[in-house]
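Undergrad: Pasting in a structure now, in structure tokens, and then I'll have a few things to ask.
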Amino acid sequence: MTSRWEEFYATHLPPSDFEDNRSLLKEFCDRHNKLAKRIVLITSGGTTVPLEHNTVRFVDNFSAGNRGAASAEYFLDHDYCVIFLYRQKSLEPFTRHFSGQRLLDMLDIHSTSGNTTISVKPDSVDILEPVLENYKAAREGGKILYITFTTLSDYFWLLRASCECLRVFKERALLYLAAAVSDFYIPPSEIPTHKIQSSLGGPSIQLQLVPKLLAPLVDSWVPHAFIVSFKLETDESILIQKGREALNRYKHKLVICNMLQSRRQRVVFVSLENSIEIALTKEQLLNGIEIEDSIVENVIANHDQFLTSS
Ligand code: PAZ
């Protein structure tokens, strides 16, 4: 019998640049596997669910992409190579430090006798220099691969292709699934081709449940990898219970639970053995300490233990 996730792939076409991305993933994984490196696949940002085939409107999932982008930088610091699978236009590693007008505000223009040069303002050099240095080391060393998705269906195709390439790493592969993936979708056969016309009245839209990819991921795509998922809730009273339910159902290694309102200050690591809270003080937050630094350090400690025991 065909499973629900197989049916999803059978009824959704891959994104148009799928084969190019698959080649990039394969080249990246083969190169780093030969060097016996550890690798992390980070998913980041929210998926969209189109309401029209020629999409004007869509249902979106909340996520700025900060968790994934910040974590990518910390994993690189720990010598992991990184596949960064993220929602197009959500935050990216390194550039996230200069979003909005921030970068332009750091620059000066000088014009003398027809020659124009642009320089970094002296008081911005200390801010720009360490980020630029880390960015160049990661890019020029070929240590990070950026792959983008927009829709839920793009995400499905690219996640599976990433896993197929990651398999060669066995236990050295870590999956850090921070993307906010929609739980609901509309089957393609029920989506209109053209923009929904308001003159026809308010549309009634029937959403269906999205099949959970953690099941095939753990059981067959990357059965040897260290898999970490995230759980976002808005009701504190169900947070840990939901994390534990996911862990018991999919049998992966770790669920990191967070509340929408406090996700920058506090997370709870739920494993089969225990629940451990990581929290920042107000002072740490004011001093620019990021919780992703501790999250990544703790995830890597768990990955170390897993590698030793296997
Ligand atoms: O992207 P961001 O930094 O704004 O938020 C991160 C997050 C809350 C989306 C992430 O930590 C998370 O919980 N992702 C899983 C969401 C889910 O339960 O589907």
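Here's how to read the names in the structure tokens: chain A, B, ... by the order shown, residue numbers from 1 in each chain, ligand numbers from 1 in the order shown.
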Write out as a list in words each polymer residue (protein, DNA or RNA) that has an atom no more than 6 Å from ligand 1, with only C-alpha atoms and all ligand atoms counted.
TA: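 The residues within 6 Å of ligand 1, counting only C-alpha atoms and all ligand atoms, are Gly45, Ser63, Ala64, Gly65, Asn66, Arg67, Ala178, Ala179, Ala180, Val181, Phe230, Lys231, Leu232, Asn258 and Leu260 of chain A.
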Undergrad: Per DSSP on the backbone, filter region 94-176 of chain A down to the residues in strand (DSSP E) and report them as a count of residues only.
TA: 22
Undergrad: So that I can see what lies close to Pro188 (chain A), please list as JSON, numbers by chain the residues with an atom at most 9 Å from it, counting only C-alpha atoms and leaving out residues fewer than 5 positions away in the same chain.
TA: {"A": [11, 12, 52, 53]}
Undergrad: Select, from A:Lys34, A:Met1, A:Leu13, A:Thr55, the residue with the minimum atom-to-atom distance to Pro192 (chain A), counting only C-alpha atoms.
TA: A:Thr55
Undergrad: Write out as a list in words each polymer residue whose atoms come within 12 Å of Phe149 (chain A), counting only C-alpha atoms; drop sequence neighbours fewer than 5 positions from it.
TA: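 My reading of the contact set: Pro14, Pro15, Ser16, Asp17, Phe18, Asn21, Thr43, Ser44, Gly45, Gly46, Thr47, Thr48, Val49, Phe84, Leu85, Tyr86, Arg87, Gln88, Lys89, Ser90, Asp154, Tyr155, Phe156, Trp157, Leu158, Leu159, Ala179 and Val181 of chain A.
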Undergrad: Please produce a file of those selected residues containing C-alpha atoms, as a CSV table (one decimal), in the first residue's frame.
TA:
chain,number,residue,atom,x,y,z
A,14,PRO,CA,9.6,18.8,-8.0
A,15,PRO,CA,10.7,22.4,-8.1
A,16,SER,CA,12.0,23.6,-11.5
A,17,ASP,CA,15.7,23.9,-10.3
A,18,PHE,CA,15.5,20.5,-8.5
A,21,ASN,CA,20.2,21.5,-6.5
A,43,THR,CA,16.4,23.5,7.8
A,44,SER,CA,15.2,27.0,8.4
A,45,GLY,CA,12.3,29.4,7.8
A,46,GLY,CA,8.6,28.7,7.1
A,47,THR,CA,7.0,26.8,4.2
A,48,THR,CA,4.2,28.3,2.1
A,49,VAL,CA,1.0,26.5,0.9
A,84,PHE,CA,21.6,25.3,4.8
A,85,LEU,CA,18.2,24.5,3.4
A,86,TYR,CA,16.2,27.6,3.9
A,87,ARG,CA,13.1,29.6,2.9
A,88,GLN,CA,14.1,32.1,0.2
A,89,LYS,CA,14.4,35.6,1.6
A,90,SER,CA,14.4,34.4,5.2
A,154,ASP,CA,9.7,22.3,-2.7
A,155,TYR,CA,10.7,21.6,0.9
A,156,PHE,CA,9.6,18.0,0.7
A,157,TRP,CA,11.6,17.4,-2.5
A,158,LEU,CA,14.7,19.1,-1.3
A,159,LEU,CA,14.7,17.5,2.1
A,179,ALA,CA,12.2,25.0,9.7
A,181,VAL,CA,6.8,23.2,8.2
Undergrad: Please provide the set of residues having any atom within 12 Å of Ile186 (chain A), restricted to only C-alpha atoms, with same-chain residues fewer than 3 positions apart removed, written as a tab-separated table (two decimals) with C-alpha atoms, in the first residue's frame.
TA:
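Final file, part-v4.tsv:
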chain	number	residue	atom	x	y	z
A	8	PHE	CA	2.38	13.43	-1.56
A	11	THR	CA	0.98	14.27	-6.64
A	12	HIS	CA	3.50	17.15	-6.42
A	48	THR	CA	4.18	28.25	2.11
A	49	VAL	CA	1.04	26.50	0.91
A	50	PRO	CA	-0.24	28.09	-2.34
A	51	LEU	CA	-3.94	28.82	-2.74
A	52	GLU	CA	-3.63	29.15	-6.53
A	53	HIS	CA	-1.35	27.40	-9.07
A	58	PHE	CA	-0.64	31.52	0.02
A	59	VAL	CA	-0.79	30.33	3.64
A	151	THR	CA	6.56	26.02	-0.88
A	152	LEU	CA	5.86	22.98	1.26
A	153	SER	CA	6.28	20.82	-1.82
A	182	SER	CA	3.10	23.53	7.53
A	183	ASP	CA	0.86	20.88	9.09
A	189	SER	CA	-6.21	18.85	-7.76
A	190	GLU	CA	-8.24	21.17	-5.53
A	191	ILE	CA	-6.24	24.34	-6.20
A	192	PRO	CA	-7.58	26.72	-8.89
A	204	SER	CA	-14.24	28.01	1.36
A	205	ILE	CA	-10.89	26.27	1.61
A	206	GLN	CA	-10.52	22.72	2.86
A	207	LEU	CA	-7.06	21.98	4.25
A	208	GLN	CA	-5.71	18.44	4.62
A	209	LEU	CA	-3.11	17.06	7.02
A	210	VAL	CA	0.47	17.00	5.75
Undergrad: Write down as number ranges by chain the residues belonging to region 206-300 of chain A that are assigned helix (DSSP H, G or I) by DSSP computed on the backbone.
TA: A: 214-221, 236-250, 282-286, 291-300
Undergrad: Find the residues around region 121-134 of chain A up to 12 Å (only C-alpha atoms counted), leave out those fewer than 5 positions away in its own chain, and share them as a ChimeraX atom specification.
TA: /A:70,72-77,79,93-98,102-110,139-141,143-144
Undergrad: Take the residues that were just selected and, keeping N, CA and C atoms, output them as an mmCIF file, in the first residue's frame.
TA:
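The resulting file, selection.cif, is reproduced below:
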data_model
loop_
_atom_site.group_PDB
_atom_site.id
_atom_site.type_symbol
_atom_site.label_atom_id
_atom_site.label_comp_id
_atom_site.auth_asym_id
_atom_site.auth_seq_id
_atom_site.Cartn_x
_atom_site.Cartn_y
_atom_site.Cartn_z
ATOM 1 N N ALA A 70 21.589 31.589 12.683
ATOM 2 C CA ALA A 70 22.564 31.743 13.773
ATOM 3 C C ALA A 70 23.237 30.398 14.052
ATOM 4 N N ALA A 72 23.784 27.944 12.068
ATOM 5 C CA ALA A 72 24.737 27.589 11.005
ATOM 6 C C ALA A 72 26.115 28.174 11.324
ATOM 7 N N GLU A 73 26.144 29.423 11.781
ATOM 8 C CA GLU A 73 27.446 30.038 12.099
ATOM 9 C C GLU A 73 28.137 29.286 13.231
ATOM 10 N N TYR A 74 27.357 28.872 14.261
ATOM 11 C CA TYR A 74 27.988 28.164 15.393
ATOM 12 C C TYR A 74 28.458 26.764 14.979
ATOM 13 N N PHE A 75 27.713 26.097 14.115
ATOM 14 C CA PHE A 75 28.176 24.774 13.653
ATOM 15 C C PHE A 75 29.477 24.914 12.855
ATOM 16 N N LEU A 76 29.573 25.970 12.045
ATOM 17 C CA LEU A 76 30.804 26.191 11.283
ATOM 18 C C LEU A 76 31.972 26.422 12.246
ATOM 19 N N ASP A 77 31.722 27.172 13.333
ATOM 20 C CA ASP A 77 32.768 27.395 14.346
ATOM 21 C C ASP A 77 33.276 26.076 14.918
ATOM 22 N N ASP A 79 33.563 23.354 13.268
ATOM 23 C CA ASP A 79 34.146 22.574 12.175
ATOM 24 C C ASP A 79 33.199 21.571 11.501
ATOM 25 N N PRO A 93 22.839 32.968 7.304
ATOM 26 C CA PRO A 93 24.033 33.143 8.141
ATOM 27 C C PRO A 93 24.830 34.350 7.644
ATOM 28 N N PHE A 94 25.493 35.035 8.516
ATOM 29 C CA PHE A 94 26.381 36.185 8.252
ATOM 30 C C PHE A 94 25.605 37.453 7.863
ATOM 31 N N THR A 95 24.826 37.421 6.769
ATOM 32 C CA THR A 95 24.131 38.655 6.377
ATOM 33 C C THR A 95 23.045 39.020 7.392
ATOM 34 N N ARG A 96 22.608 38.038 8.205
ATOM 35 C CA ARG A 96 21.567 38.341 9.205
ATOM 36 C C ARG A 96 22.008 39.462 10.143
ATOM 37 N N HIS A 97 23.328 39.661 10.309
ATOM 38 C CA HIS A 97 23.815 40.705 11.222
ATOM 39 C C HIS A 97 23.587 42.103 10.656
ATOM 40 N N PHE A 98 23.305 42.173 9.352
ATOM 41 C CA PHE A 98 23.220 43.493 8.704
ATOM 42 C C PHE A 98 21.916 43.653 7.941
ATOM 43 N N ARG A 102 21.120 48.388 7.842
ATOM 44 C CA ARG A 102 22.288 48.397 8.711
ATOM 45 C C ARG A 102 23.615 48.439 7.941
ATOM 46 N N LEU A 103 23.692 47.657 6.866
ATOM 47 C CA LEU A 103 24.956 47.614 6.118
ATOM 48 C C LEU A 103 25.225 48.961 5.454
ATOM 49 N N LEU A 104 24.189 49.528 4.838
ATOM 50 C CA LEU A 104 24.375 50.811 4.133
ATOM 51 C C LEU A 104 24.788 51.903 5.118
ATOM 52 N N ASP A 105 24.259 51.834 6.345
ATOM 53 C CA ASP A 105 24.622 52.844 7.353
ATOM 54 C C ASP A 105 26.084 52.736 7.776
ATOM 55 N N MET A 106 26.718 51.608 7.473
ATOM 56 C CA MET A 106 28.123 51.405 7.887
ATOM 57 C C MET A 106 29.104 51.924 6.835
ATOM 58 N N LEU A 107 28.546 52.379 5.683
ATOM 59 C CA LEU A 107 29.433 52.744 4.574
ATOM 60 C C LEU A 107 29.505 54.253 4.357
ATOM 61 N N ASP A 108 30.646 54.696 3.815
ATOM 62 C CA ASP A 108 30.848 56.100 3.443
ATOM 63 C C ASP A 108 31.159 56.181 1.953
ATOM 64 N N ILE A 109 30.724 57.281 1.299
ATOM 65 C CA ILE A 109 31.086 57.507 -0.108
ATOM 66 C C ILE A 109 32.047 58.690 -0.152
ATOM 67 N N HIS A 110 33.135 58.558 -0.925
ATOM 68 C CA HIS A 110 34.074 59.678 -1.108
ATOM 69 C C HIS A 110 34.196 59.935 -2.603
ATOM 70 N N ARG A 139 32.752 30.419 2.918
ATOM 71 C CA ARG A 139 32.446 30.400 1.489
ATOM 72 C C ARG A 139 33.629 29.936 0.664
ATOM 73 N N GLU A 140 34.793 30.557 0.939
ATOM 74 C CA GLU A 140 35.963 30.224 0.117
ATOM 75 C C GLU A 140 36.463 28.811 0.424
ATOM 76 N N GLY A 141 36.225 28.348 1.660
ATOM 77 C CA GLY A 141 36.602 26.968 2.009
ATOM 78 C C GLY A 141 35.544 25.975 1.562
ATOM 79 N N LYS A 143 32.604 25.415 2.738
ATOM 80 C CA LYS A 143 32.089 24.671 3.897
ATOM 81 C C LYS A 143 30.586 24.799 4.083
ATOM 82 N N ILE A 144 29.964 25.690 3.304
ATOM 83 C CA ILE A 144 28.508 25.849 3.443
ATOM 84 C C ILE A 144 27.850 25.840 2.061
#
Undergrad: Just checking: using only C-alpha atoms, which residue out of A:Gln261, A:Thr193, A:Val268, A:Phe169 ends up closest to Lys242 (chain A)?
TA: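 Among the listed residues, the smallest separation from Lys242 (chain A) belongs to A:Val268.
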Undergrad: For each of A:Tyr250, A:Ser310, A:Ser162, A:Ser275, take the minimum atom-to-atom distance to His224 (chain A), counting only C-alpha atoms, then give the residue where this is smallest.
TA: A:Ser310
Undergrad: Between A:Leu272, A:Ile227, A:Asp219, A:Asp304, single out the one closest to Glu245 (chain A), counting only C-alpha atoms.
TA: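 When distances to Glu245 (chain A) are compared using only C-alpha atoms, the smallest one comes from A:Leu272.
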Undergrad: Taking 5 positions as the minimum chain separation for residues in the same chain, which residues sit within 8 Å of Arg167 (chain A) when counting only C-alpha atoms? Answer as JSON, numbers by chain.
TA: {"A": [173, 221, 222, 224, 225]}
Undergrad: Please, could you write that set of residues out with C-alpha atoms as a compact mmCIF listing (two decimals), in the first residue's frame?
TA:
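What ended up in result_37.txt:
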# COMPACT_ATOMS: atom_id res chain seq x y z
CA ALA A 173 25.48 13.31 9.74
CA TRP A 221 16.33 7.85 4.40
CA VAL A 222 19.07 8.46 7.00
CA HIS A 224 22.15 6.13 10.99
CA ALA A 225 22.12 9.92 11.36
Undergrad: By how many Å are CA of Glu92 (chain A) and CA of Ser23 (chain A) apart?
TA: 21.7 Å
Undergrad: CA of Ile300 (chain A) and CA of His252 (chain A) are how many Å apart?
TA: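 If I compute the distance from CA of Ile300 (chain A) to CA of His252 (chain A), I get 15.4 Å.
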Undergrad: What is the distance, in Å and to one decimal place, between CA of Ala161 (chain A) and CA of Arg22 (chain A)?
TA: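 Between CA of Ala161 (chain A) and CA of Arg22 (chain A) the gap works out to 6.3 Å.
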Undergrad: Would you mind telling me which residue in A:Val120, A:Gly202, A:Asp293, A:Glu171 lies nearest to His78 (chain A) when using only C-alpha atoms?
TA: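 The shortest atom-to-atom distance to His78 (chain A) comes from A:Asp293.
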